[in-house]
Every structure is written in C-alpha cells, then in structure tokens.
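Note: the block below is target_33.tsv and it holds TSV, N, CA and C atoms.
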```
chain	number	residue	atom	x	y	z
A	12	MET	N	52.42	-11.82	-57.03
A	12	MET	CA	53.81	-12.07	-56.72
A	12	MET	C	54.43	-12.87	-57.86
A	13	SER	N	55.72	-12.84	-57.99
A	13	SER	CA	56.40	-13.51	-59.09
A	13	SER	C	56.44	-15.02	-58.89
A	14	ALA	N	56.57	-15.71	-59.99
A	14	ALA	CA	56.68	-17.17	-59.93
A	14	ALA	C	57.96	-17.58	-59.21
A	15	VAL	N	59.02	-16.77	-59.36
A	15	VAL	CA	60.29	-17.07	-58.70
A	15	VAL	C	60.11	-17.11	-57.20
A	16	ASN	N	59.39	-16.14	-56.64
A	16	ASN	CA	59.17	-16.09	-55.21
A	16	ASN	C	58.35	-17.29	-54.74
A	17	GLU	N	57.39	-17.70	-55.57
A	17	GLU	CA	56.53	-18.81	-55.19
A	17	GLU	C	57.28	-20.13	-55.16
A	18	THR	N	58.35	-20.29	-55.96
A	18	THR	CA	59.10	-21.54	-55.97
A	18	THR	C	59.96	-21.66	-54.72
A	19	ARG	N	60.30	-20.55	-54.12
A	19	ARG	CA	61.12	-20.50	-52.91
A	19	ARG	C	62.51	-21.07	-53.11
A	20	ASP	N	62.94	-21.14	-54.36
A	20	ASP	CA	64.31	-21.54	-54.66
A	20	ASP	C	65.21	-20.39	-54.26
A	21	PRO	N	66.03	-20.57	-53.23
A	21	PRO	CA	66.83	-19.46	-52.71
A	21	PRO	C	67.72	-18.82	-53.77
A	22	HIS	N	68.29	-19.61	-54.66
A	22	HIS	CA	69.16	-19.05	-55.70
A	22	HIS	C	68.35	-18.17	-56.65
A	23	ALA	N	67.18	-18.65	-57.05
A	23	ALA	CA	66.34	-17.89	-57.98
A	23	ALA	C	65.85	-16.59	-57.33
A	24	VAL	N	65.49	-16.66	-56.05
A	24	VAL	CA	65.03	-15.47	-55.33
A	24	VAL	C	66.17	-14.46	-55.20
A	25	ARG	N	67.36	-14.94	-54.89
A	25	ARG	CA	68.53	-14.07	-54.77
A	25	ARG	C	68.85	-13.41	-56.11
A	26	ALA	N	68.79	-14.19	-57.19
A	26	ALA	CA	69.06	-13.66	-58.53
A	26	ALA	C	68.01	-12.62	-58.92
A	27	ARG	N	66.76	-12.89	-58.60
A	27	ARG	CA	65.68	-11.94	-58.92
A	27	ARG	C	65.87	-10.65	-58.12
A	28	ARG	N	66.16	-10.77	-56.84
A	28	ARG	CA	66.39	-9.59	-55.99
A	28	ARG	C	67.54	-8.77	-56.56
A	29	HIS	N	68.61	-9.43	-56.96
A	29	HIS	CA	69.78	-8.74	-57.52
A	29	HIS	C	69.40	-7.98	-58.80
A	30	ARG	N	68.63	-8.63	-59.69
A	30	ARG	CA	68.22	-7.98	-60.94
A	30	ARG	C	67.32	-6.77	-60.67
A	31	LEU	N	66.37	-6.92	-59.75
A	31	LEU	CA	65.47	-5.81	-59.43
A	31	LEU	C	66.24	-4.63	-58.87
A	32	VAL	N	67.16	-4.89	-57.97
A	32	VAL	CA	67.97	-3.80	-57.38
A	32	VAL	C	68.84	-3.16	-58.45
A	33	ARG	N	69.48	-3.99	-59.28
A	33	ARG	CA	70.34	-3.45	-60.35
A	33	ARG	C	69.54	-2.54	-61.28
A	34	GLU	N	68.32	-2.96	-61.65
A	34	GLU	CA	67.50	-2.14	-62.54
A	34	GLU	C	67.06	-0.85	-61.85
A	35	LEU	N	66.81	-0.89	-60.56
A	35	LEU	CA	66.48	0.34	-59.83
A	35	LEU	C	67.66	1.31	-59.86
A	36	LEU	N	68.87	0.78	-59.75
A	36	LEU	CA	70.06	1.63	-59.71
A	36	LEU	C	70.48	2.12	-61.09
A	37	GLU	N	70.42	1.24	-62.08
A	37	GLU	CA	70.96	1.57	-63.40
A	37	GLU	C	69.91	1.84	-64.46
A	38	GLY	N	68.68	1.46	-64.20
A	38	GLY	CA	67.66	1.55	-65.22
A	38	GLY	C	67.76	0.36	-66.16
A	39	ARG	N	67.06	0.45	-67.27
A	39	ARG	CA	67.12	-0.59	-68.31
A	39	ARG	C	67.68	0.03	-69.57
A	40	ARG	N	68.69	-0.61	-70.11
A	40	ARG	CA	69.34	-0.12	-71.33
A	40	ARG	C	69.76	1.34	-71.19
A	41	GLY	N	70.23	1.68	-69.98
A	41	GLY	CA	70.71	3.03	-69.74
A	41	GLY	C	69.63	4.07	-69.51
A	42	ARG	N	68.38	3.65	-69.56
A	42	ARG	CA	67.27	4.58	-69.33
A	42	ARG	C	66.66	4.34	-67.96
A	43	ARG	N	66.22	5.42	-67.37
A	43	ARG	CA	65.52	5.35	-66.10
A	43	ARG	C	64.25	4.50	-66.23
A	44	LEU	N	63.90	3.78	-65.18
A	44	LEU	CA	62.65	3.02	-65.19
A	44	LEU	C	61.46	3.98	-65.15
A	45	ARG	N	60.37	3.57	-65.76
A	45	ARG	CA	59.13	4.35	-65.65
A	45	ARG	C	58.59	4.19	-64.23
A	46	ALA	N	57.76	5.11	-63.81
A	46	ALA	CA	57.21	5.09	-62.45
A	46	ALA	C	56.51	3.76	-62.15
A	47	VAL	N	55.76	3.24	-63.10
A	47	VAL	CA	55.03	1.99	-62.88
A	47	VAL	C	56.01	0.83	-62.68
A	48	ASP	N	57.14	0.85	-63.38
A	48	ASP	CA	58.16	-0.19	-63.20
A	48	ASP	C	58.84	-0.06	-61.85
A	49	VAL	N	59.13	1.17	-61.44
A	49	VAL	CA	59.73	1.40	-60.12
A	49	VAL	C	58.80	0.86	-59.04
A	50	LEU	N	57.52	1.18	-59.15
A	50	LEU	CA	56.55	0.72	-58.15
A	50	LEU	C	56.48	-0.80	-58.11
A	51	GLY	N	56.50	-1.44	-59.27
A	51	GLY	CA	56.48	-2.90	-59.33
A	51	GLY	C	57.72	-3.51	-58.71
A	52	HIS	N	58.90	-2.97	-59.06
A	52	HIS	CA	60.15	-3.48	-58.51
A	52	HIS	C	60.18	-3.30	-56.99
A	53	VAL	N	59.83	-2.11	-56.54
A	53	VAL	CA	59.88	-1.82	-55.10
A	53	VAL	C	58.88	-2.70	-54.35
A	54	SER	N	57.69	-2.86	-54.89
A	54	SER	CA	56.69	-3.72	-54.24
A	54	SER	C	57.21	-5.14	-54.09
A	55	GLU	N	57.84	-5.64	-55.14
A	55	GLU	CA	58.36	-7.00	-55.08
A	55	GLU	C	59.52	-7.11	-54.09
A	56	LEU	N	60.39	-6.11	-54.08
A	56	LEU	CA	61.51	-6.11	-53.13
A	56	LEU	C	61.02	-6.02	-51.69
A	57	LEU	N	59.97	-5.24	-51.46
A	57	LEU	CA	59.39	-5.16	-50.12
A	57	LEU	C	58.84	-6.53	-49.71
A	58	ALA	N	58.22	-7.24	-50.64
A	58	ALA	CA	57.69	-8.57	-50.36
A	58	ALA	C	58.82	-9.57	-50.07
A	59	LEU	N	60.01	-9.28	-50.62
A	59	LEU	CA	61.17	-10.16	-50.38
A	59	LEU	C	61.92	-9.79	-49.11
A	60	GLY	N	61.42	-8.78	-48.38
A	60	GLY	CA	62.01	-8.46	-47.09
A	60	GLY	C	62.83	-7.18	-47.03
A	61	GLU	N	62.98	-6.48	-48.16
A	61	GLU	CA	63.70	-5.20	-48.14
A	61	GLU	C	62.83	-4.16	-47.43
A	62	SER	N	63.44	-3.08	-47.00
A	62	SER	CA	62.68	-1.98	-46.39
A	62	SER	C	62.77	-0.76	-47.30
A	63	VAL	N	61.82	0.14	-47.16
A	63	VAL	CA	61.83	1.38	-47.96
A	63	VAL	C	63.12	2.15	-47.68
A	64	SER	N	63.53	2.22	-46.43
A	64	SER	CA	64.74	2.99	-46.11
A	64	SER	C	65.98	2.36	-46.73
A	65	SER	N	66.07	1.03	-46.75
A	65	SER	CA	67.24	0.40	-47.37
A	65	SER	C	67.26	0.64	-48.88
A	66	LEU	N	66.09	0.64	-49.50
A	66	LEU	CA	66.01	0.91	-50.93
A	66	LEU	C	66.35	2.37	-51.22
A	67	ARG	N	65.89	3.27	-50.37
A	67	ARG	CA	66.18	4.69	-50.55
A	67	ARG	C	67.69	4.95	-50.43
A	68	LYS	N	68.35	4.25	-49.48
A	68	LYS	CA	69.79	4.42	-49.27
A	68	LYS	C	70.61	3.98	-50.48
A	69	LEU	N	70.05	3.08	-51.30
A	69	LEU	CA	70.76	2.64	-52.50
A	69	LEU	C	70.91	3.77	-53.52
A	70	GLY	N	70.04	4.78	-53.43
A	70	GLY	CA	70.08	5.88	-54.38
A	70	GLY	C	69.61	5.48	-55.77
A	71	PRO	N	68.40	4.90	-55.86
A	71	PRO	CA	67.92	4.44	-57.16
A	71	PRO	C	67.68	5.60	-58.13
A	72	ARG	N	67.77	5.30	-59.42
A	72	ARG	CA	67.45	6.28	-60.47
A	72	ARG	C	65.94	6.33	-60.60
A	73	LEU	N	65.36	7.37	-60.08
A	73	LEU	CA	63.90	7.47	-60.08
A	73	LEU	C	63.43	8.46	-61.14
A	74	PRO	N	62.21	8.26	-61.63
A	74	PRO	CA	61.66	9.24	-62.56
A	74	PRO	C	61.47	10.57	-61.82
A	75	PRO	N	61.49	11.68	-62.55
A	75	PRO	CA	61.32	12.98	-61.87
A	75	PRO	C	59.97	13.06	-61.18
A	76	LYS	N	59.99	13.70	-60.02
A	76	LYS	CA	58.77	13.90	-59.25
A	76	LYS	C	57.96	15.02	-59.89
A	77	PRO	N	56.64	14.85	-59.97
A	77	PRO	CA	55.83	15.96	-60.48
A	77	PRO	C	55.94	17.14	-59.52
A	78	PRO	N	56.03	18.37	-60.06
A	78	PRO	CA	56.19	19.54	-59.18
A	78	PRO	C	55.02	19.70	-58.21
A	79	THR	N	53.82	19.42	-58.68
A	79	THR	CA	52.65	19.49	-57.80
A	79	THR	C	51.74	18.31	-58.14
A	80	LEU	N	50.98	17.91	-57.15
A	80	LEU	CA	50.00	16.86	-57.38
A	80	LEU	C	48.63	17.50	-57.48
A	81	ASP	N	48.26	17.85	-58.70
A	81	ASP	CA	46.94	18.45	-58.89
A	81	ASP	C	45.89	17.33	-58.86
A	82	GLU	N	44.66	17.70	-59.04
A	82	GLU	CA	43.55	16.75	-58.95
A	82	GLU	C	43.66	15.64	-59.98
A	83	GLU	N	44.10	15.97	-61.19
A	83	GLU	CA	44.24	14.96	-62.25
A	83	GLU	C	45.34	13.96	-61.90
A	84	ALA	N	46.47	14.45	-61.41
A	84	ALA	CA	47.57	13.55	-61.02
A	84	ALA	C	47.12	12.66	-59.87
A	85	ALA	N	46.40	13.21	-58.92
A	85	ALA	CA	45.91	12.42	-57.79
A	85	ALA	C	44.96	11.33	-58.27
A	86	ARG	N	44.11	11.67	-59.22
A	86	ARG	CA	43.17	10.69	-59.77
A	86	ARG	C	43.92	9.55	-60.45
A	87	VAL	N	44.93	9.89	-61.25
A	87	VAL	CA	45.70	8.87	-61.96
A	87	VAL	C	46.45	7.97	-60.99
A	88	ILE	N	47.04	8.55	-59.96
A	88	ILE	CA	47.77	7.77	-58.95
A	88	ILE	C	46.83	6.81	-58.23
A	89	CYS	N	45.68	7.30	-57.80
A	89	CYS	CA	44.71	6.45	-57.09
A	89	CYS	C	44.19	5.35	-58.01
A	90	GLU	N	43.98	5.67	-59.28
A	90	GLU	CA	43.53	4.68	-60.25
A	90	GLU	C	44.59	3.60	-60.47
A	91	ALA	N	45.83	4.03	-60.62
A	91	ALA	CA	46.94	3.08	-60.82
A	91	ALA	C	47.06	2.15	-59.61
A	92	GLN	N	46.92	2.72	-58.43
A	92	GLN	CA	47.02	1.90	-57.21
A	92	GLN	C	45.91	0.87	-57.16
A	93	SER	N	44.70	1.28	-57.51
A	93	SER	CA	43.60	0.33	-57.43
A	93	SER	C	43.72	-0.74	-58.53
A	94	LEU	N	44.29	-0.41	-59.68
A	94	LEU	CA	44.47	-1.39	-60.75
A	94	LEU	C	45.60	-2.37	-60.47
A	95	PHE	N	46.75	-1.84	-60.05
A	95	PHE	CA	47.95	-2.67	-59.91
A	95	PHE	C	48.18	-3.19	-58.49
A	96	GLU	N	47.54	-2.58	-57.51
A	96	GLU	CA	47.66	-2.99	-56.10
A	96	GLU	C	49.13	-3.09	-55.65
A	97	PHE	N	49.89	-2.01	-55.92
A	97	PHE	CA	51.27	-1.94	-55.45
A	97	PHE	C	51.27	-1.90	-53.93
A	98	ASP	N	52.40	-2.29	-53.35
A	98	ASP	CA	52.55	-2.11	-51.91
A	98	ASP	C	52.49	-0.60	-51.67
A	99	PRO	N	51.57	-0.12	-50.82
A	99	PRO	CA	51.42	1.33	-50.62
A	99	PRO	C	52.72	2.02	-50.20
A	100	ARG	N	53.62	1.29	-49.55
A	100	ARG	CA	54.90	1.89	-49.14
A	100	ARG	C	55.78	2.22	-50.34
A	101	ALA	N	55.57	1.55	-51.46
A	101	ALA	CA	56.41	1.78	-52.65
A	101	ALA	C	56.27	3.22	-53.15
A	102	TRP	N	55.10	3.80	-52.98
A	102	TRP	CA	54.87	5.18	-53.44
A	102	TRP	C	55.78	6.16	-52.72
A	103	GLN	N	56.21	5.84	-51.51
A	103	GLN	CA	57.07	6.75	-50.74
A	103	GLN	C	58.36	7.04	-51.49
A	104	LEU	N	58.88	6.06	-52.23
A	104	LEU	CA	60.12	6.26	-52.97
A	104	LEU	C	59.94	7.30	-54.08
A	105	LEU	N	58.71	7.44	-54.56
A	105	LEU	CA	58.41	8.43	-55.59
A	105	LEU	C	57.96	9.75	-54.99
A	106	GLY	N	57.99	9.85	-53.67
A	106	GLY	CA	57.60	11.09	-53.01
A	106	GLY	C	56.11	11.30	-52.90
A	107	VAL	N	55.35	10.21	-52.94
A	107	VAL	CA	53.89	10.31	-52.86
A	107	VAL	C	53.43	9.65	-51.57
A	108	ASP	N	52.68	10.39	-50.77
A	108	ASP	CA	52.07	9.84	-49.56
A	108	ASP	C	50.67	9.38	-49.96
A	109	LEU	N	50.57	8.10	-50.28
A	109	LEU	CA	49.33	7.55	-50.82
A	109	LEU	C	48.16	7.70	-49.86
A	110	ARG	N	48.39	7.49	-48.57
A	110	ARG	CA	47.29	7.62	-47.60
A	110	ARG	C	46.75	9.04	-47.57
A	111	ARG	N	47.65	10.00	-47.54
A	111	ARG	CA	47.23	11.40	-47.52
A	111	ARG	C	46.50	11.76	-48.81
A	112	LEU	N	47.00	11.25	-49.91
A	112	LEU	CA	46.39	11.53	-51.21
A	112	LEU	C	44.99	10.94	-51.29
A	113	GLU	N	44.82	9.71	-50.85
A	113	GLU	CA	43.51	9.07	-50.87
A	113	GLU	C	42.54	9.78	-49.93
A	114	ALA	N	43.03	10.21	-48.77
A	114	ALA	CA	42.18	10.94	-47.83
A	114	ALA	C	41.75	12.28	-48.41
A	115	ARG	N	42.69	12.95	-49.08
A	115	ARG	CA	42.36	14.24	-49.72
A	115	ARG	C	41.32	14.07	-50.80
A	116	ARG	N	41.45	13.00	-51.59
A	116	ARG	CA	40.46	12.75	-52.66
A	116	ARG	C	39.09	12.39	-52.07
A	117	ALA	N	39.08	11.64	-50.97
A	117	ALA	CA	37.82	11.25	-50.33
A	117	ALA	C	37.11	12.45	-49.75
A	118	ALA	N	37.89	13.42	-49.26
A	118	ALA	CA	37.31	14.60	-48.62
A	118	ALA	C	36.71	15.57	-49.66
A	119	SER	N	37.20	15.49	-50.89
A	119	SER	CA	36.68	16.44	-51.90
A	119	SER	C	35.53	15.92	-52.68
```
Before anything else, please render the file you have as structure tokens.
Amino acid sequence: MSAVNETRDPHAVRARRHRLVRELLEGRRGRRLRAVDVLGHVSELLALGESVSSLRKLGPRLPPKPPTLDEEAARVICEAQSLFEFDPRAWQLLGVDLRRLEARRAAS
C-alpha cells in the first residue's frame, strides 16, 4: 500500500485518490496507462474504498483487450498476479476473470 494511505492524512489520501482517478481517465502525458499501471491504480483505489462498478462507470482509458487469452497470455497474467499481488478484482476492468483463468491453468 502507498505511504500516503498509511499516514491516514485525509487531504493526502483525497489528493492521491484524485490523481489516480484522473490518470485512469486521461492517461499520463496524453497516453493510455499500461495494463500494469491500470492494475496498480485500480488496486489502490479499491483499497481506498472505491468499487469496481464505480470505476467502470467513470469510463477509464484502458489498454486494448487481447482478442483471445491463449496459454502464453494466461501464463503471463498469472505470473504478473503472483509477482505484484494486485487486488484480483482489478483484473475485471481489463476484462480478465482471474479466478477462471487460474482454474483453467490448474486443470491443464
């Protein structure tokens, strides 16, 4: 979690939440956020009390969804999740059902 959240300074938390939401909506320097940045922002916003549905309603600029999730893409997603430990709900914004993906990989 961020140092700002740990200080519990309401102004700092509000400012951080505002920046994270703004970057989800506008990107950085006019460019869309990378998937890993979206996952980090969404995970932090979820920890601050936002919901996936409220974030989805904002209409964030998301990276394009892969047309199919082949075995290699599934491996990379599962690896990223285990390395970064994003909130599993954050993947929903990118159109990935992490539980289903992990179950599919476990079954194969």
Point to revise | Surrounding residues of Asp98 in chain A excluding itself and chain neighbours under 3 positions, 9 Å, only C-alpha atoms, as a PyMOL selection string | key: chain A and resi 50-51+53-55+57-58+92+101-102
Practice item. Measuring atom to atom with only C-alpha atoms, identify which of A:Ala84, A:Val47, A:Arg19, A:Gly60 is nearest to Glu96 in chain A. Key: A:Val47
Review point. With only C-alpha atoms as the atoms that count, which of A:Leu66, A:Ala117, A:Leu94, A:Ala85 lies nearest to Leu36 in chain A?
Key: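 Between A:Leu66, A:Ala117, A:Leu94, A:Ala85, the residue approaching Leu36 in chain A most closely is A:Leu66.
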Exercise for review: Pick out the residues sitting within 8 Å of Arg28 in chain A, and hand them over as a PyMOL selection string; count all atoms listed in the file, and ignore anything fewer than 4 positions along from it in its own chain.
Suggested key: chain A and resi 22-24+32-34+55-56+59
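We find atom N of Arg111 in chain A and atom N of Lys76 in chain A to be spaced 17.9 Å apart.
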Check your understanding: Any idea what's packed within 10 Å of range 41-45 of chain A, counting only C-alpha atoms, ignoring anything in its chain fewer than 3 positions away? Could you give it as a list in words?
Key ->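 Once the adjacent positions are removed, what remains is Glu34, Leu35, Leu36, Glu37, Gly38, Asp48, Val49, Leu50, Gly51, His52, Pro71, Arg72, Leu73, Pro74 and Pro75 of chain A.
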Practice item. Figure out the distance between atom N of Pro99 in chain A and atom N of Ala118 in chain A, please, to one decimal in Å. Key: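 Answer for the atom N of Ala118 in chain A to atom N of Pro99 in chain A separation: 19.3 Å.
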Review point. Looking at A:Ser62, A:Phe95, A:Glu83, A:Cys89, which one is nearest to Leu109 in chain A, with distances taken over only N, CA and C atoms?
Key: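 Smallest separation from Leu109 in chain A among the options: A:Cys89.
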Point to revise | Test item, helix (DSSP H, G or I) assignment across chain A, answer as a ChimeraX atom specification | key: /A:14-18,21-37,46-58,63-68,82-95,99-105,109-118
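Atom to atom, atom N of Thr79 in chain A and CA of Arg100 in chain A stand 20.0 Å apart.
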